[in-house]
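**Q** Okay, so here is my_file32.cif, and as you'll see once you scroll down, it has mmCIF, C-alpha atoms and all ligand atoms.
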```
data_start
loop_
_atom_site.label_atom_id
_atom_site.label_comp_id
_atom_site.auth_asym_id
_atom_site.auth_seq_id
_atom_site.Cartn_x
_atom_site.Cartn_y
_atom_site.Cartn_z
CA MET A 1 4.38 27.69 -1.63
CA ALA A 2 1.62 25.76 -3.36
CA ILE A 3 0.10 27.29 -6.49
CA VAL A 4 -3.52 28.30 -5.94
CA VAL A 5 -5.70 27.38 -8.89
CA THR A 6 -8.20 30.07 -9.81
CA ASP A 7 -10.67 30.42 -12.63
CA SER A 8 -11.11 26.70 -13.08
CA ARG A 9 -14.52 25.66 -14.41
CA PHE A 10 -13.87 22.21 -12.95
CA ILE A 11 -13.46 23.56 -9.41
CA GLN A 12 -16.35 26.00 -9.91
CA ALA A 13 -18.69 23.20 -11.02
CA CYS A 14 -17.62 21.05 -8.05
CA LEU A 15 -18.62 23.85 -5.70
CA GLY A 16 -21.77 24.97 -7.53
CA GLN A 17 -20.24 28.35 -8.44
CA PRO A 18 -20.97 30.09 -11.76
CA HIS A 19 -18.91 28.84 -14.71
CA ASP A 20 -19.04 29.18 -18.49
CA THR A 21 -19.56 25.62 -19.73
CA VAL A 22 -19.72 22.01 -18.60
CA PRO A 23 -16.21 20.91 -17.49
CA VAL A 24 -14.79 17.59 -18.67
CA TRP A 25 -12.02 15.18 -17.74
CA PHE A 26 -11.71 11.42 -18.13
CA MET A 27 -10.92 8.68 -15.66
CA ARG A 28 -7.77 6.94 -16.98
CA GLN A 29 -7.11 9.85 -19.34
CA ALA A 30 -3.44 8.83 -19.10
CA GLY A 31 -2.90 5.30 -20.33
CA ARG A 32 -2.49 2.77 -23.07
CA TYR A 33 -4.84 4.37 -25.61
CA GLN A 34 -2.14 7.08 -26.00
CA PRO A 35 0.77 6.36 -28.39
CA SER A 36 3.03 8.48 -26.14
CA TYR A 37 2.16 6.31 -23.09
CA ARG A 38 2.73 3.07 -25.02
CA ALA A 39 6.13 4.37 -26.15
CA LEU A 40 7.14 5.09 -22.54
CA ARG A 41 5.80 1.72 -21.39
CA SER A 42 8.02 -0.05 -23.92
CA ARG A 43 10.97 1.27 -21.85
CA PHE A 44 9.59 1.26 -18.29
CA SER A 45 7.08 -0.77 -16.29
CA MET A 46 3.90 0.86 -14.99
CA LEU A 47 5.39 0.79 -11.48
CA GLU A 48 8.68 2.35 -12.60
CA LEU A 49 6.70 5.20 -14.18
CA ALA A 50 4.49 5.65 -11.11
CA ARG A 51 7.50 5.71 -8.75
CA THR A 52 9.47 8.38 -10.67
CA PRO A 53 8.50 12.05 -10.20
CA ILE A 54 9.56 13.20 -13.68
CA HIS A 55 7.53 10.45 -15.33
CA ILE A 56 4.57 11.18 -13.05
CA ARG A 57 4.69 14.78 -14.24
CA ASP A 58 5.06 14.01 -17.93
CA VAL A 59 2.37 11.32 -18.06
CA THR A 60 -0.07 13.40 -15.98
CA VAL A 61 0.30 16.58 -18.05
CA ARG A 62 0.12 14.97 -21.50
CA PRO A 63 -3.67 14.42 -21.77
CA VAL A 64 -4.30 18.03 -20.71
CA GLU A 65 -2.15 19.21 -23.63
CA ASP A 66 -3.48 16.66 -26.12
CA LEU A 67 -7.20 16.70 -25.30
CA GLY A 68 -7.94 20.09 -23.69
CA VAL A 69 -9.54 18.55 -20.58
CA ASP A 70 -10.29 20.83 -17.62
CA ALA A 71 -8.39 18.86 -14.96
CA ALA A 72 -5.37 16.60 -14.68
CA ILE A 73 -5.42 13.46 -12.56
CA LEU A 74 -2.28 12.25 -10.84
CA PHE A 75 -0.71 9.40 -12.78
CA SER A 76 -0.43 6.63 -10.23
CA ASP A 77 -2.41 3.61 -9.11
CA ILE A 78 -4.53 2.84 -6.06
CA MET A 79 -1.90 0.25 -5.01
CA ILE A 80 1.02 2.72 -4.83
CA PRO A 81 0.54 3.99 -1.23
CA LEU A 82 0.79 0.38 -0.04
CA ASP A 83 4.55 0.93 -0.51
CA GLY A 84 4.20 3.02 2.65
CA MET A 85 2.99 -0.07 4.61
CA ASN A 86 5.65 -2.41 3.18
CA ILE A 87 3.02 -4.43 1.29
CA ARG A 88 4.64 -6.10 -1.71
CA PHE A 89 2.70 -6.14 -4.99
CA ASP A 90 3.15 -5.99 -8.73
CA ILE A 91 0.98 -4.71 -11.56
CA LYS A 92 0.79 -7.37 -14.23
CA GLU A 93 0.08 -6.43 -17.81
CA HIS A 94 -3.48 -7.32 -18.97
CA VAL A 95 -4.35 -8.46 -15.41
CA GLY A 96 -3.91 -5.68 -12.86
CA PRO A 97 -2.58 -5.61 -9.30
CA LEU A 98 -1.18 -8.80 -7.73
CA VAL A 99 -0.42 -8.97 -4.00
CA PHE A 100 2.43 -11.32 -3.04
CA ASP A 101 1.26 -12.13 0.50
CA PRO A 102 -2.54 -11.72 0.67
CA ILE A 103 -4.02 -10.51 3.96
CA ARG A 104 -6.66 -12.89 5.30
CA THR A 105 -6.53 -12.93 9.10
CA GLY A 106 -6.36 -10.52 12.01
CA ALA A 107 -2.78 -11.72 12.56
CA ASP A 108 -1.92 -10.68 8.97
CA VAL A 109 -3.30 -7.20 9.71
CA ALA A 110 -1.33 -6.96 12.96
CA ARG A 111 1.89 -7.61 11.03
CA LEU A 112 1.35 -4.63 8.65
CA ALA A 113 3.70 -1.69 9.10
CA PRO A 114 2.04 1.62 10.03
CA PHE A 115 1.74 3.85 6.95
CA ASN A 116 4.94 5.86 6.48
CA ARG A 117 4.45 8.90 4.25
CA GLU A 118 8.17 9.22 3.58
CA LYS A 119 8.16 5.95 1.66
CA VAL A 120 5.87 7.48 -0.95
CA ASP A 121 7.58 10.84 -1.11
CA PHE A 122 8.05 10.22 -4.84
CA VAL A 123 4.28 10.78 -5.24
CA PHE A 124 4.39 14.12 -3.40
CA GLU A 125 7.46 15.18 -5.38
CA GLY A 126 5.67 14.14 -8.59
CA ILE A 127 2.69 16.29 -7.56
CA ARG A 128 4.89 19.32 -6.86
CA ARG A 129 6.48 19.03 -10.29
CA THR A 130 3.15 18.41 -12.02
CA VAL A 131 1.46 21.40 -10.40
CA GLU A 132 4.33 23.61 -11.49
CA ALA A 133 4.04 22.33 -15.07
CA LEU A 134 0.24 22.71 -15.18
CA GLY A 135 0.32 26.35 -14.07
CA PRO A 136 -2.37 28.29 -12.21
CA THR A 137 -5.45 27.49 -14.32
CA THR A 138 -5.49 23.68 -14.55
CA PRO A 139 -6.25 21.87 -11.30
CA LEU A 140 -4.61 18.59 -10.38
CA LEU A 141 -6.79 15.89 -8.90
CA GLY A 142 -5.11 13.68 -6.34
CA PHE A 143 -6.64 10.32 -5.49
CA SER A 144 -6.65 7.27 -3.29
CA GLY A 145 -8.39 3.92 -3.29
CA ALA A 146 -11.11 3.57 -0.66
CA PRO A 147 -10.69 0.95 2.09
CA PHE A 148 -13.12 -1.64 0.67
CA THR A 149 -11.75 -1.53 -2.88
CA LEU A 150 -8.14 -1.73 -1.66
CA ALA A 151 -9.02 -4.49 0.80
CA SER A 152 -10.55 -6.53 -2.05
CA TYR A 153 -7.14 -6.66 -3.80
CA LEU A 154 -5.26 -7.33 -0.56
CA ILE A 155 -7.58 -10.18 0.45
CA GLU A 156 -8.18 -11.81 -2.94
CA GLY A 157 -4.53 -11.31 -4.00
CA GLY A 158 -5.62 -9.77 -7.31
CA PRO A 159 -8.66 -8.75 -9.33
CA SER A 160 -11.86 -10.71 -8.60
CA ARG A 161 -15.36 -11.06 -10.00
CA THR A 162 -17.07 -12.49 -6.93
CA TYR A 163 -15.10 -10.96 -4.01
CA ARG A 164 -15.72 -14.35 -2.36
CA ARG A 165 -12.87 -14.32 0.18
CA THR A 166 -13.46 -10.63 0.92
CA LYS A 167 -17.15 -11.13 1.68
CA ALA A 168 -16.58 -14.35 3.64
CA TRP A 169 -14.03 -12.61 5.87
CA MET A 170 -16.29 -9.57 6.29
CA TRP A 171 -19.13 -11.82 7.55
CA THR A 172 -17.18 -14.40 9.57
CA ASP A 173 -14.57 -12.21 11.31
CA PRO A 174 -15.95 -8.65 11.62
CA PRO A 175 -13.18 -7.49 14.02
CA GLY A 176 -10.38 -8.71 11.72
CA PHE A 177 -11.98 -7.17 8.64
CA GLU A 178 -12.66 -3.96 10.50
CA ALA A 179 -9.00 -3.79 11.59
CA LEU A 180 -7.86 -3.98 7.96
CA LEU A 181 -10.31 -1.34 6.74
CA SER A 182 -9.36 0.88 9.63
CA ARG A 183 -5.67 0.68 8.70
CA LEU A 184 -6.54 1.48 5.07
CA ALA A 185 -8.70 4.43 6.16
CA ASP A 186 -5.77 5.82 8.20
CA MET A 187 -3.56 5.43 5.17
CA ALA A 188 -6.04 7.17 2.86
CA VAL A 189 -6.33 10.18 5.19
CA GLN A 190 -2.58 10.64 5.57
CA TYR A 191 -1.85 10.00 1.91
CA LEU A 192 -4.56 12.37 0.63
CA THR A 193 -3.59 15.06 3.12
CA GLY A 194 -0.02 14.82 1.82
CA GLN A 195 -1.28 15.18 -1.73
CA VAL A 196 -3.11 18.42 -0.94
CA GLU A 197 -0.07 19.75 0.92
CA ALA A 198 1.98 19.00 -2.21
CA GLY A 199 -0.46 20.96 -4.41
CA ALA A 200 -3.48 18.83 -5.41
CA SER A 201 -6.58 21.06 -5.82
CA ALA A 202 -9.22 18.33 -5.46
CA LEU A 203 -9.32 14.67 -4.41
CA GLN A 204 -11.09 11.63 -5.78
CA ILE A 205 -11.70 8.54 -3.68
CA PHE A 206 -12.03 5.46 -5.87
CA ASP A 207 -14.33 2.86 -4.34
CA SER A 208 -14.60 1.15 -7.69
CA TRP A 209 -15.82 -2.24 -6.47
CA VAL A 210 -17.96 -1.30 -3.45
CA GLY A 211 -21.13 -1.64 -5.57
CA THR A 212 -20.78 -5.42 -5.15
CA LEU A 213 -22.00 -5.03 -1.55
CA ALA A 214 -25.59 -5.10 -0.40
CA THR A 215 -26.66 -1.83 1.22
CA VAL A 216 -26.90 -3.53 4.61
CA ASP A 217 -23.28 -4.73 4.40
CA TYR A 218 -22.04 -1.35 3.14
CA ARG A 219 -23.62 0.30 6.16
CA ALA A 220 -22.25 -2.23 8.64
CA ALA A 221 -18.70 -2.75 7.34
CA VAL A 222 -17.73 0.20 5.14
CA LEU A 223 -19.70 3.36 5.90
CA PRO A 224 -18.12 4.04 9.34
CA HIS A 225 -14.66 4.10 7.74
CA MET A 226 -15.86 6.41 5.00
CA VAL A 227 -17.39 8.75 7.59
CA ARG A 228 -14.01 8.95 9.30
CA ILE A 229 -12.19 9.65 6.03
CA PHE A 230 -14.56 12.41 4.92
CA GLN A 231 -14.54 14.03 8.37
CA ALA A 232 -10.74 14.04 8.40
CA LEU A 233 -10.46 15.47 4.89
CA ALA A 234 -13.14 18.18 5.16
CA PRO A 235 -10.78 20.71 6.88
CA LEU A 236 -8.47 20.56 3.84
CA GLY A 237 -11.09 22.66 2.04
CA VAL A 238 -10.74 20.99 -1.38
CA PRO A 239 -13.54 19.33 -3.40
CA LEU A 240 -13.90 15.61 -2.57
CA ILE A 241 -15.21 13.27 -5.29
CA TYR A 242 -16.47 9.80 -4.30
CA PHE A 243 -16.73 7.29 -7.15
CA GLY A 244 -17.89 3.69 -7.44
CA VAL A 245 -19.22 1.40 -10.15
CA GLY A 246 -22.78 0.03 -9.85
CA THR A 247 -23.76 2.04 -6.78
CA PRO A 248 -27.36 3.30 -7.25
CA HIS A 249 -28.37 1.38 -4.09
CA LEU A 250 -25.62 3.16 -2.12
CA LEU A 251 -25.99 6.73 -3.43
CA SER A 252 -28.00 8.11 -0.50
CA ASP A 253 -25.44 6.80 1.98
CA MET A 254 -22.56 8.05 -0.18
CA LYS A 255 -24.14 11.48 -0.29
CA SER A 256 -24.62 11.54 3.49
CA LEU A 257 -20.83 11.47 3.87
CA GLY A 258 -20.55 15.07 2.72
CA ALA A 259 -18.80 14.34 -0.58
CA THR A 260 -18.64 17.43 -2.82
CA VAL A 261 -19.26 15.36 -5.97
CA LEU A 262 -20.49 11.80 -6.57
CA GLY A 263 -19.22 9.86 -9.60
CA ILE A 264 -21.90 7.83 -11.37
CA ASP A 265 -21.26 4.86 -13.68
CA TRP A 266 -23.01 4.51 -17.05
CA ARG A 267 -25.85 2.22 -16.01
CA THR A 268 -27.91 4.73 -14.02
CA PRO A 269 -29.34 7.72 -15.93
CA ILE A 270 -27.57 10.68 -14.37
CA THR A 271 -30.87 12.55 -14.16
CA GLU A 272 -32.20 9.70 -12.00
CA ALA A 273 -29.11 9.93 -9.82
CA ARG A 274 -29.83 13.65 -9.45
CA ALA A 275 -33.42 12.94 -8.41
CA LEU A 276 -32.15 10.42 -5.87
CA VAL A 277 -29.51 12.59 -4.17
CA GLY A 278 -31.15 16.02 -4.45
CA PRO A 279 -29.61 19.31 -5.62
CA ASP A 280 -26.92 20.01 -3.02
CA VAL A 281 -24.10 17.75 -4.27
CA GLY A 282 -22.13 17.69 -7.52
CA LEU A 283 -22.52 14.84 -10.01
CA MET A 284 -19.90 13.48 -12.40
CA GLY A 285 -20.33 11.05 -15.30
CA ASN A 286 -21.54 9.05 -17.04
CA LEU A 287 -20.99 8.08 -20.69
CA ASP A 288 -20.65 4.34 -21.34
CA PRO A 289 -16.87 3.99 -21.97
CA GLU A 290 -17.54 1.45 -24.73
CA ARG A 291 -19.10 4.23 -26.82
CA LEU A 292 -15.54 5.51 -27.35
CA VAL A 293 -14.57 2.20 -28.90
CA ALA A 294 -17.75 2.05 -31.01
CA GLY A 295 -16.58 5.22 -32.76
CA GLN A 296 -16.92 8.99 -32.83
CA SER A 297 -20.58 9.24 -33.80
CA GLN A 298 -21.63 6.81 -31.04
CA ALA A 299 -19.50 8.68 -28.50
CA LEU A 300 -20.90 12.07 -29.51
CA MET A 301 -24.49 10.86 -29.65
CA GLY A 302 -24.31 9.40 -26.14
CA ALA A 303 -22.54 12.45 -24.76
CA ARG A 304 -24.95 14.92 -26.29
CA GLY A 305 -27.94 13.36 -24.55
CA ILE A 306 -26.19 13.53 -21.19
CA VAL A 307 -24.93 17.10 -21.61
CA GLU A 308 -28.31 18.38 -22.85
CA ALA A 309 -30.00 16.83 -19.83
CA MET A 310 -27.45 18.17 -17.31
CA LYS A 311 -26.21 21.50 -18.68
CA GLY A 312 -28.65 23.57 -16.62
CA ASP A 313 -27.72 21.66 -13.48
CA GLY A 314 -24.95 23.94 -12.23
CA ARG A 315 -23.08 21.16 -10.36
CA TYR A 316 -22.35 18.75 -13.20
CA ILE A 317 -19.00 17.52 -14.55
CA PHE A 318 -18.78 15.44 -17.71
CA ASN A 319 -16.81 12.18 -17.51
CA LEU A 320 -17.15 8.58 -18.55
CA GLY A 321 -18.93 6.10 -16.31
CA HIS A 322 -15.53 4.41 -15.74
CA GLY A 323 -12.02 4.51 -17.25
CA VAL A 324 -11.02 5.13 -20.89
CA PRO A 325 -10.71 1.73 -22.65
CA LYS A 326 -7.24 1.10 -24.08
CA GLU A 327 -8.74 0.53 -27.55
CA SER A 328 -10.07 4.12 -27.72
CA ASP A 329 -9.01 6.51 -30.49
CA PRO A 330 -7.38 9.66 -29.02
CA MET A 331 -9.03 11.75 -31.75
CA VAL A 332 -12.48 10.64 -30.55
CA LEU A 333 -11.62 11.77 -27.02
CA LYS A 334 -10.39 15.10 -28.33
CA ALA A 335 -13.56 15.64 -30.38
CA LEU A 336 -15.64 14.71 -27.34
CA VAL A 337 -13.99 17.39 -25.19
CA ALA A 338 -14.58 20.09 -27.81
CA HIS A 339 -18.22 19.08 -28.30
CA VAL A 340 -19.02 18.88 -24.60
CA HIS A 341 -17.57 22.37 -24.15
CA GLN A 342 -19.69 23.63 -27.05
CA TRP A 343 -22.98 21.93 -26.09
CA GLY A 344 -22.52 22.73 -22.42
CA ARG A 345 -22.04 26.47 -22.85
CA TYR A 346 -24.38 28.44 -20.62
CA SER A 347 -25.94 31.33 -22.51
CA SER A 348 -25.64 34.49 -20.41
O1 LIG B 1 0.30 -1.65 -18.10
C1 LIG B 1 -0.04 -0.54 -17.67
O2 LIG B 1 0.40 0.52 -18.12
C2 LIG B 1 -0.98 -0.60 -16.51
C3 LIG B 1 -2.37 -0.16 -16.79
C4 LIG B 1 -2.75 0.74 -15.63
C5 LIG B 1 -2.77 2.14 -15.66
C6 LIG B 1 -2.48 3.07 -16.81
C7 LIG B 1 -3.06 0.32 -14.31
C8 LIG B 1 -3.08 -1.07 -13.78
N1 LIG B 1 -3.28 1.47 -13.54
C9 LIG B 1 -3.13 2.58 -14.34
C10 LIG B 1 -3.23 3.99 -13.92
C11 LIG B 1 -4.29 4.37 -12.98
N2 LIG B 1 -4.86 3.56 -12.02
C12 LIG B 1 -4.81 5.66 -12.84
C13 LIG B 1 -4.25 6.80 -13.66
C14 LIG B 1 -4.77 8.11 -13.70
C15 LIG B 1 -5.77 8.39 -14.81
O3 LIG B 1 -6.98 8.22 -14.58
O4 LIG B 1 -5.33 8.86 -15.89
C16 LIG B 1 -5.78 5.61 -11.84
C17 LIG B 1 -6.67 6.73 -11.32
C18 LIG B 1 -5.80 4.30 -11.33
C19 LIG B 1 -6.61 3.84 -10.21
C20 LIG B 1 -7.01 2.41 -10.15
N3 LIG B 1 -6.22 1.31 -10.26
C21 LIG B 1 -8.32 1.98 -9.83
C22 LIG B 1 -9.45 2.90 -9.56
C23 LIG B 1 -10.01 3.40 -10.84
C24 LIG B 1 -10.79 2.39 -11.61
O5 LIG B 1 -10.39 2.10 -12.76
O6 LIG B 1 -11.79 1.90 -11.07
C25 LIG B 1 -8.31 0.58 -9.80
C26 LIG B 1 -9.48 -0.33 -9.52
C27 LIG B 1 -6.99 0.17 -10.08
C28 LIG B 1 -6.50 -1.22 -10.12
C29 LIG B 1 -5.86 -1.49 -11.43
N4 LIG B 1 -4.62 -1.04 -11.79
C30 LIG B 1 -4.32 -1.43 -13.07
C31 LIG B 1 -5.44 -2.15 -13.56
C32 LIG B 1 -5.53 -2.76 -14.91
C33 LIG B 1 -6.41 -2.16 -12.53
C34 LIG B 1 -7.81 -2.79 -12.59
C35 LIG B 1 -7.74 -4.26 -12.39
C36 LIG B 1 -9.09 -4.86 -12.07
O7 LIG B 1 -9.93 -4.98 -12.99
O8 LIG B 1 -9.32 -5.21 -10.90
#
```
Let's see the structure in the file written out as structure tokens.
Ligand code: 1CP
**A**
Amino acid sequence: MAIVVTDSRFIQACLGQPHDTVPVWFMRQAGRYQPSYRALRSRFSMLELARTPIHIRDVTVRPVEDLGVDAAILFSDIMIPLDGMNIRFDIKEHVGPLVFDPIRTGADVARLAPFNREKVDFVFEGIRRTVEALGPTTPLLGFSGAPFTLASYLIEGGPSRTYRRTKAWMWTDPPGFEALLSRLADMAVQYLTGQVEAGASALQIFDSWVGTLATVDYRAAVLPHMVRIFQALAPLGVPLIYFGVGTPHLLSDMKSLGATVLGIDWRTPITEARALVGPDVGLMGNLDPERLVAGQSQALMGARGIVEAMKGDGRYIFNLGHGVPKESDPMVLKALVAHVHQWGRYSS
């Protein structure tokens, strides 16, 4: 039987319930800035780690022990569930995901295998082991890539700055593009449902690159798929976080989906994001990740301003505006967690 997490300030803040101080976790809190992760990576590839339950557990739990963060996030990658559709890819050091046979036509979509959960059972087994290791007070966040962000890798074949092929296909062949996003939405629902069944206490949907779209295109090509995903996940009863980079022009639409929490990057003042979306949704963010690299005093200064502005909010979770840079000093992250907890304390 799954462990039920109680007394978690992270879950309480997601839901707007009373809690003692501002919760904190970091996107990419497991990764190359950690000496322990680099040591493991000298023996195994990223994909070997992400496909092995014991490694998933060990890499996921480590930052909770080392930093004192209030939530763990599954160690994996947004590409991993594509194993369940027989899509072949690699993750190349210093580059990111590479797709061997990019998907660029309706015929390419028709050839994709339907998502088969059993092919990614190693993720669910990793979650079961992680949840057992974390115990009943630290929640595990599961996650998935959102259809647009995943489609951008599948169509471009790798990381992109312009999303040129992705946008061209979206505009010139709406039915083909829609078929791909629809398949990815189906996958996200099944994959995330499996993660909650295995013990995840909350879910984050990474739509990292959707901010590249104009609002009009988001509404036409992406929003309907997101509506379907959020409607299908709502009955699971766990907090749902929706995150993207550079999305101030999309925030009202993102909020309309019924997300429990919206993740905000570092460019938009989080108080402005709050004014935009109103009080009845959680907010997460939004320290500029580069402040970590600039050093402890820059990190603390930036964080203090954000926490002071948001500590009375009641539905606020501290995080960076995007992932931890690999050049970060683990001691700066640790100091940041302690300070956020101290500054964020609600006086009773
Ligand atoms: O060599 C290595 O060890 C690989 C580096 C690495 C790591 C540690 C990659 C390649 N992915 C990851 C882990 C990862 N990926 C996590 C771990 C959990 C944690 O937060 O601790 C998560 C949540 C992801 C999800 C992910 N992968 C996203 C969404 C989050 C985000 O950063 O916006 C995206 C866009 C990816 C693609 C990806 N995978 C790896 C890289 C370097 C990239 C980005 C490439 C690009 O710029 O397009």
**Q** Enter the distance from CA of Glu125 in chain A to atom C15 of ligand LIG 1 (chain B), in Å, rounded to one decimal.
**A**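 Atom-to-atom, CA of Glu125 in chain A to atom C15 of ligand LIG 1 (chain B), that is 17.6 Å.
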**Q** Taking all atoms listed in the file into account, which of A:Val95, A:Val69, A:Val238, A:Leu82 comes nearest ligand LIG 1 (chain B)?
**A**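 That would be A:Val95, the residue with the smallest distance to ligand LIG 1 (chain B).
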**Q** Can you work out the spacing between CA of Gly295 in chain A and CA of Asp207 in chain A in Å, to one decimal?
**A**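 Taking CA of Gly295 in chain A and CA of Asp207 in chain A, their separation equals 28.6 Å.
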**Q** For range 196-208 of chain A, take all atoms listed in the file, fit an axis-aligned box around them, add 4 Å to each of the six sides, then output centre and edge lengths in Å rounded to one decimal, as AutoDock Vina command-line options.
**A**
```
--center_x -6.3 --center_y 11.1 --center_z -3.4 --size_x 24.6 --size_y 27.9 --size_z 16.6
```
**Q** Out of A:Ala72, A:Ala294, A:Leu251, A:Leu233, which residue has the shortest atom-to-atom distance to Ala275 in chain A when counting only C-alpha atoms?
**A**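 Going through A:Ala72, A:Ala294, A:Leu251, A:Leu233 one by one, the smallest distance to Ala275 in chain A is for A:Leu251.
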**Q** CA of Ile11 in chain A and CA of Tyr346 in chain A, how far apart in Å?
**A**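 The value is 16.4 Å.
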**Q** Counting all atoms listed in the file, which of A:Gly157, A:Pro63, A:Pro139, A:Gly323 gets nearest to Ile87 in chain A?
**A**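 For Ile87 in chain A, the nearest of the given residues is A:Gly157.
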**Q** Would you please work out which residue, of A:Gly135, A:Gly244, A:Gly282, A:Gly344, is nearest to Ala303 in chain A when using all atoms listed in the file?
**A**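 That would be A:Gly344, the residue with the smallest distance to Ala303 in chain A.
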**Q** Please identify all protein, DNA and RNA residues within 9 Å of ligand LIG 1 (chain B), counting all atoms listed in the file, and report them as a PyMOL selection string.
**A** chain A and resi 26-32+37-38+41+45-47+49-50+59-60+63+72-79+91-97+142-145+149-150+153+158-161+204-209+243-245+322-324+326
**Q** Around (-7.6, 13.5, -24.7) in the file's own coordinates, what residues are found within 6 Å if you use only C-alpha atoms, given back as a list in words?
**A** Pro63, Asp66, Leu67, Pro330, Leu333 and Lys334 of chain A
